[in-house]
Structure formats: C-alpha cells, structure tokens
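**Student:** What follows is structure_17.pdb; its format and atoms are PDB, C-alpha atoms.
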ATOM      1  CA  MET A   1       8.476 -17.712  23.291  1.00  0.00           C
ATOM      2  CA  ASN A   2       9.035 -19.130  19.821  1.00  0.00           C
ATOM      3  CA  LYS A   3       7.424 -17.291  16.942  1.00  0.00           C
ATOM      4  CA  ILE A   4       5.897 -18.608  13.767  1.00  0.00           C
ATOM      5  CA  GLU A   5       6.451 -16.697  10.561  1.00  0.00           C
ATOM      6  CA  LEU A   6       3.714 -16.469   7.944  1.00  0.00           C
ATOM      7  CA  THR A   7       3.722 -15.054   4.462  1.00  0.00           C
ATOM      8  CA  ARG A   8       1.398 -12.126   3.764  1.00  0.00           C
ATOM      9  CA  GLU A   9      -0.988 -14.471   1.935  1.00  0.00           C
ATOM     10  CA  GLU A  10      -1.042 -16.949   4.824  1.00  0.00           C
ATOM     11  CA  ALA A  11      -1.673 -14.162   7.324  1.00  0.00           C
ATOM     12  CA  MET A  12      -4.550 -12.859   5.184  1.00  0.00           C
ATOM     13  CA  LEU A  13      -6.080 -16.345   5.164  1.00  0.00           C
ATOM     14  CA  VAL A  14      -5.778 -16.525   8.955  1.00  0.00           C
ATOM     15  CA  MET A  15      -7.476 -13.108   9.199  1.00  0.00           C
ATOM     16  CA  ARG A  16     -10.356 -14.316   7.002  1.00  0.00           C
ATOM     17  CA  LEU A  17     -10.755 -17.457   9.116  1.00  0.00           C
ATOM     18  CA  LEU A  18     -10.725 -15.393  12.314  1.00  0.00           C
ATOM     19  CA  ASN A  19     -13.344 -13.058  10.836  1.00  0.00           C
ATOM     20  CA  LEU A  20     -15.504 -16.069   9.946  1.00  0.00           C
ATOM     21  CA  PHE A  21     -15.125 -17.548  13.434  1.00  0.00           C
ATOM     22  CA  LEU A  22     -15.803 -14.246  15.183  1.00  0.00           C
ATOM     23  CA  GLY A  23     -18.791 -13.559  12.920  1.00  0.00           C
ATOM     24  CA  LYS A  24     -20.312 -16.936  13.788  1.00  0.00           C
ATOM     25  CA  ALA A  25     -19.616 -16.371  17.484  1.00  0.00           C
ATOM     26  CA  HIS A  26     -21.288 -12.962  17.294  1.00  0.00           C
ATOM     27  CA  ALA A  27     -24.315 -14.419  15.492  1.00  0.00           C
ATOM     28  CA  LEU A  28     -24.658 -16.990  18.270  1.00  0.00           C
ATOM     29  CA  ASN A  29     -24.222 -14.299  20.958  1.00  0.00           C
ATOM     30  CA  VAL A  30     -21.081 -16.004  22.222  1.00  0.00           C
ATOM     31  CA  ARG A  31     -18.837 -13.160  23.318  1.00  0.00           C
ATOM     32  CA  ASP A  32     -17.211 -14.305  26.528  1.00  0.00           C
ATOM     33  CA  ASN A  33     -16.193 -17.783  25.405  1.00  0.00           C
ATOM     34  CA  SER A  34     -12.617 -18.773  26.181  1.00  0.00           C
ATOM     35  CA  ASP A  35     -11.952 -19.075  22.439  1.00  0.00           C
ATOM     36  CA  VAL A  36     -13.380 -15.694  21.441  1.00  0.00           C
ATOM     37  CA  VAL A  37     -11.097 -13.424  23.472  1.00  0.00           C
ATOM     38  CA  PRO A  38      -7.822 -14.991  22.218  1.00  0.00           C
ATOM     39  CA  ALA A  39      -9.173 -14.961  18.643  1.00  0.00           C
ATOM     40  CA  LYS A  40      -9.882 -11.236  18.922  1.00  0.00           C
ATOM     41  CA  ALA A  41      -6.387 -10.641  20.327  1.00  0.00           C
ATOM     42  CA  LEU A  42      -4.768 -12.657  17.530  1.00  0.00           C
ATOM     43  CA  LYS A  43      -6.770 -10.801  14.896  1.00  0.00           C
ATOM     44  CA  GLN A  44      -5.667  -7.463  16.373  1.00  0.00           C
ATOM     45  CA  ASN A  45      -2.043  -8.612  16.570  1.00  0.00           C
ATOM     46  CA  ILE A  46      -2.018  -9.652  12.901  1.00  0.00           C
ATOM     47  CA  PHE A  47      -3.743  -6.403  11.915  1.00  0.00           C
ATOM     48  CA  ASP A  48      -1.149  -4.360  13.829  1.00  0.00           C
ATOM     49  CA  GLN A  49       1.673  -6.230  12.087  1.00  0.00           C
ATOM     50  CA  PHE A  50       0.083  -5.551   8.684  1.00  0.00           C
ATOM     51  CA  MET A  51      -0.167  -1.857   9.509  1.00  0.00           C
ATOM     52  CA  LYS A  52       3.479  -1.788  10.626  1.00  0.00           C
ATOM     53  CA  LEU A  53       4.605  -3.505   7.412  1.00  0.00           C
ATOM     54  CA  ASP A  54       2.525  -1.172   5.257  1.00  0.00           C
ATOM     55  CA  THR A  55       4.012   1.854   7.022  1.00  0.00           C
ATOM     56  CA  GLU A  56       7.547   0.531   6.577  1.00  0.00           C
ATOM     57  CA  GLU A  57       6.941  -0.221   2.903  1.00  0.00           C
ATOM     58  CA  ALA A  58       5.513   3.265   2.334  1.00  0.00           C
ATOM     59  CA  GLU A  59       8.525   4.840   4.026  1.00  0.00           C
ATOM     60  CA  ASN A  60      10.918   2.741   1.913  1.00  0.00           C
ATOM     61  CA  GLU A  61       9.117   3.745  -1.293  1.00  0.00           C
ATOM     62  CA  SER A  62       9.292   7.443  -0.427  1.00  0.00           C
ATOM     63  CA  GLU A  63      13.069   7.319   0.041  1.00  0.00           C
TER      64      GLU A  63
END
Since I need it in another form, could you write the structure as structure tokens?

**Tutor:**
Amino acid sequence: MNKIELTREEAMLVMRLLNLFLGKAHALNVRDNSDVVPAKALKQNIFDQFMKLDTEEAENESE
C-alpha cells in the first residue's frame, strides 16, 4: 500500500477536521455509519504516530 506523508502542521489540521466530523456525528447520534468507524481509526493512527514522534524526539534530546 502506498503511503502519503504529511507535515506535522498538515496532520494537526487533519486531526482537527476529524474531531469536527466526529463531534458532529456524535451530536447527530450517528455512531455506526460507514464513515465514522474509518474516521475514528484514522484519528487514532495519526495520534499514535504523533506519540511515537514525540517519544523519539524526547529520546534524541536526552542523548
């Protein structure tokens, strides 16, 4: 599978858009929609990558 690379700023924008989408879906009680589950997974994937980068940067700074 091909991957798309985003800058940190672009990824943060995507996270904000996902939060907006998921917030609207929650307000409308739409939780099992075919768009909601992949959006949640993408949000978690981006979050995990941010955490990994932050951990790596912290380790590099401590060296």

**Student:** Write out as a ChimeraX atom specification each polymer residue whose atoms come within 8 Å of region 5-21 of chain A, counting only C-alpha atoms; drop sequence neighbours fewer than 3 positions from it.

**Tutor:** /A:24-25,39-40,43,46

**Student:** Let me make sure I understand: among A:Glu56, A:Glu61, A:Asp35, A:Asp48, which one has the smallest atom-to-atom distance to Leu22 (chain A) if we use all atoms listed in the file?

**Tutor:**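 Checking each candidate against Leu22 (chain A), we get A:Asp35 as the closest.
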
**Student:** Measure the distance from CA of Ile4 (chain A) to CA of Asp54 (chain A) in Å and round it to one decimal.

**Tutor:** 19.7 Å

**Student:** Please measure the separation of CA of Glu59 (chain A) and CA of Met1 (chain A), giving the value in Å to one decimal.

**Tutor:**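 Value for the CA of Glu59 (chain A)-CA of Met1 (chain A) distance: 29.7 Å.
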
**Student:** CA of Gly23 (chain A) to CA of Val36 (chain A): how many Å, to one decimal?

**Tutor:**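 It comes out at 10.3 Å.
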
**Student:** Edge lengths and centre in Å to one decimal, as lines of an AutoDock Vina configuration file, is what I'm after for the box along x, y and z that holds all listed atoms of region 11-30 of chain A once 8 Å is added on each side.

**Tutor:**
center_x = -13.2
center_y = -15.2
center_z = 13.7
size_x = 39.0
size_y = 20.7
size_z = 33.1

**Student:** Is it possible to produce a file of region 5-50 of chain A from this structure, with N, CA and C atoms, as a CSV table (one decimal), in the first residue's frame?

**Tutor:**
chain,number,residue,atom,x,y,z
A,5,GLU,N,2.7,11.1,2.9
A,5,GLU,CA,3.4,11.8,4.0
A,5,GLU,C,2.8,13.2,4.2
A,6,LEU,N,2.6,13.6,5.5
A,6,LEU,CA,2.1,14.9,5.8
A,6,LEU,C,3.1,15.6,6.8
A,7,THR,N,3.2,16.9,6.7
A,7,THR,CA,3.9,17.6,7.7
A,7,THR,C,3.2,17.5,9.0
A,8,ARG,N,3.8,17.9,10.1
A,8,ARG,CA,3.2,18.0,11.4
A,8,ARG,C,2.0,18.9,11.4
A,9,GLU,N,2.1,20.0,10.7
A,9,GLU,CA,1.0,21.0,10.7
A,9,GLU,C,-0.2,20.5,9.9
A,10,GLU,N,0.1,19.8,8.8
A,10,GLU,CA,-0.9,19.2,8.0
A,10,GLU,C,-1.7,18.1,8.7
A,11,ALA,N,-0.9,17.3,9.5
A,11,ALA,CA,-1.5,16.2,10.3
A,11,ALA,C,-2.4,16.8,11.4
A,12,MET,N,-1.9,17.9,12.0
A,12,MET,CA,-2.7,18.6,13.0
A,12,MET,C,-4.0,19.1,12.4
A,13,LEU,N,-4.0,19.6,11.2
A,13,LEU,CA,-5.2,20.1,10.6
A,13,LEU,C,-6.2,18.9,10.3
A,14,VAL,N,-5.6,17.8,9.8
A,14,VAL,CA,-6.5,16.6,9.6
A,14,VAL,C,-7.1,16.2,10.9
A,15,MET,N,-6.3,16.2,12.0
A,15,MET,CA,-6.9,15.8,13.3
A,15,MET,C,-8.0,16.7,13.7
A,16,ARG,N,-7.9,18.0,13.5
A,16,ARG,CA,-8.9,19.0,13.8
A,16,ARG,C,-10.2,18.7,13.0
A,17,LEU,N,-10.0,18.4,11.7
A,17,LEU,CA,-11.1,18.2,10.8
A,17,LEU,C,-11.8,16.9,11.3
A,18,LEU,N,-11.0,15.9,11.6
A,18,LEU,CA,-11.6,14.6,12.1
A,18,LEU,C,-12.4,14.8,13.4
A,19,ASN,N,-11.8,15.6,14.3
A,19,ASN,CA,-12.5,15.9,15.5
A,19,ASN,C,-13.9,16.7,15.3
A,20,LEU,N,-13.9,17.6,14.3
A,20,LEU,CA,-15.1,18.3,13.9
A,20,LEU,C,-16.1,17.3,13.4
A,21,PHE,N,-15.7,16.5,12.4
A,21,PHE,CA,-16.6,15.5,11.8
A,21,PHE,C,-17.1,14.5,12.9
A,22,LEU,N,-16.3,14.0,13.7
A,22,LEU,CA,-16.7,13.1,14.7
A,22,LEU,C,-17.6,13.7,15.8
A,23,GLY,N,-17.3,15.0,16.1
A,23,GLY,CA,-18.2,15.7,17.0
A,23,GLY,C,-19.6,15.9,16.4
A,24,LYS,N,-19.7,16.3,15.2
A,24,LYS,CA,-21.0,16.4,14.5
A,24,LYS,C,-21.7,15.1,14.4
A,25,ALA,N,-21.0,14.0,14.1
A,25,ALA,CA,-21.6,12.7,14.1
A,25,ALA,C,-22.1,12.3,15.4
A,26,HIS,N,-21.4,12.6,16.5
A,26,HIS,CA,-21.8,12.3,17.8
A,26,HIS,C,-23.1,13.1,18.2
A,27,ALA,N,-23.1,14.3,17.8
A,27,ALA,CA,-24.2,15.2,18.1
A,27,ALA,C,-25.5,14.7,17.4
A,28,LEU,N,-25.3,14.1,16.3
A,28,LEU,CA,-26.4,13.6,15.5
A,28,LEU,C,-26.7,12.1,15.8
A,29,ASN,N,-26.1,11.6,16.8
A,29,ASN,CA,-26.2,10.2,17.2
A,29,ASN,C,-25.9,9.2,16.1
A,30,VAL,N,-24.9,9.6,15.3
A,30,VAL,CA,-24.5,8.7,14.2
A,30,VAL,C,-23.2,8.1,14.6
A,31,ARG,N,-23.3,6.8,15.0
A,31,ARG,CA,-22.1,6.2,15.5
A,31,ARG,C,-21.7,5.0,14.7
A,32,ASP,N,-22.6,4.4,14.0
A,32,ASP,CA,-22.3,3.2,13.3
A,32,ASP,C,-22.2,3.4,11.8
A,33,ASN,N,-22.2,4.6,11.4
A,33,ASN,CA,-22.1,5.0,10.0
A,33,ASN,C,-20.8,4.5,9.4
A,34,SER,N,-20.9,4.1,8.1
A,34,SER,CA,-19.7,3.6,7.4
A,34,SER,C,-18.5,4.6,7.4
A,35,ASP,N,-18.8,5.9,7.5
A,35,ASP,CA,-17.8,6.9,7.5
A,35,ASP,C,-17.2,7.1,8.9
A,36,VAL,N,-17.9,6.8,10.0
A,36,VAL,CA,-17.5,7.1,11.3
A,36,VAL,C,-16.4,6.2,11.8
A,37,VAL,N,-16.5,4.9,11.6
A,37,VAL,CA,-15.5,4.0,12.0
A,37,VAL,C,-14.2,4.2,11.4
A,38,PRO,N,-14.1,4.4,10.1
A,38,PRO,CA,-12.8,4.7,9.5
A,38,PRO,C,-12.2,6.0,9.9
A,39,ALA,N,-13.0,7.0,10.2
A,39,ALA,CA,-12.5,8.3,10.7
A,39,ALA,C,-11.9,8.1,12.1
A,40,LYS,N,-12.6,7.3,12.9
A,40,LYS,CA,-12.0,7.1,14.3
A,40,LYS,C,-10.7,6.3,14.2
A,41,ALA,N,-10.6,5.4,13.2
A,41,ALA,CA,-9.3,4.6,13.1
A,41,ALA,C,-8.2,5.5,12.6
A,42,LEU,N,-8.6,6.4,11.6
A,42,LEU,CA,-7.6,7.3,11.1
A,42,LEU,C,-7.1,8.3,12.2
A,43,LYS,N,-8.0,8.8,13.0
A,43,LYS,CA,-7.7,9.7,14.1
A,43,LYS,C,-6.7,9.0,15.0
A,44,GLN,N,-7.0,7.8,15.4
A,44,GLN,CA,-6.2,7.0,16.3
A,44,GLN,C,-4.8,6.8,15.7
A,45,ASN,N,-4.8,6.4,14.4
A,45,ASN,CA,-3.5,6.2,13.7
A,45,ASN,C,-2.6,7.4,13.7
A,46,ILE,N,-3.2,8.6,13.4
A,46,ILE,CA,-2.4,9.8,13.4
A,46,ILE,C,-1.9,10.1,14.8
A,47,PHE,N,-2.8,10.0,15.8
A,47,PHE,CA,-2.5,10.2,17.2
A,47,PHE,C,-1.3,9.3,17.6
A,48,ASP,N,-1.3,8.0,17.3
A,48,ASP,CA,-0.3,7.1,17.6
A,48,ASP,C,1.1,7.5,17.0
A,49,GLN,N,1.0,8.0,15.7
A,49,GLN,CA,2.2,8.5,15.1
A,49,GLN,C,2.8,9.7,15.7
A,50,PHE,N,1.9,10.6,16.2
A,50,PHE,CA,2.4,11.8,16.9
A,50,PHE,C,3.1,11.4,18.2
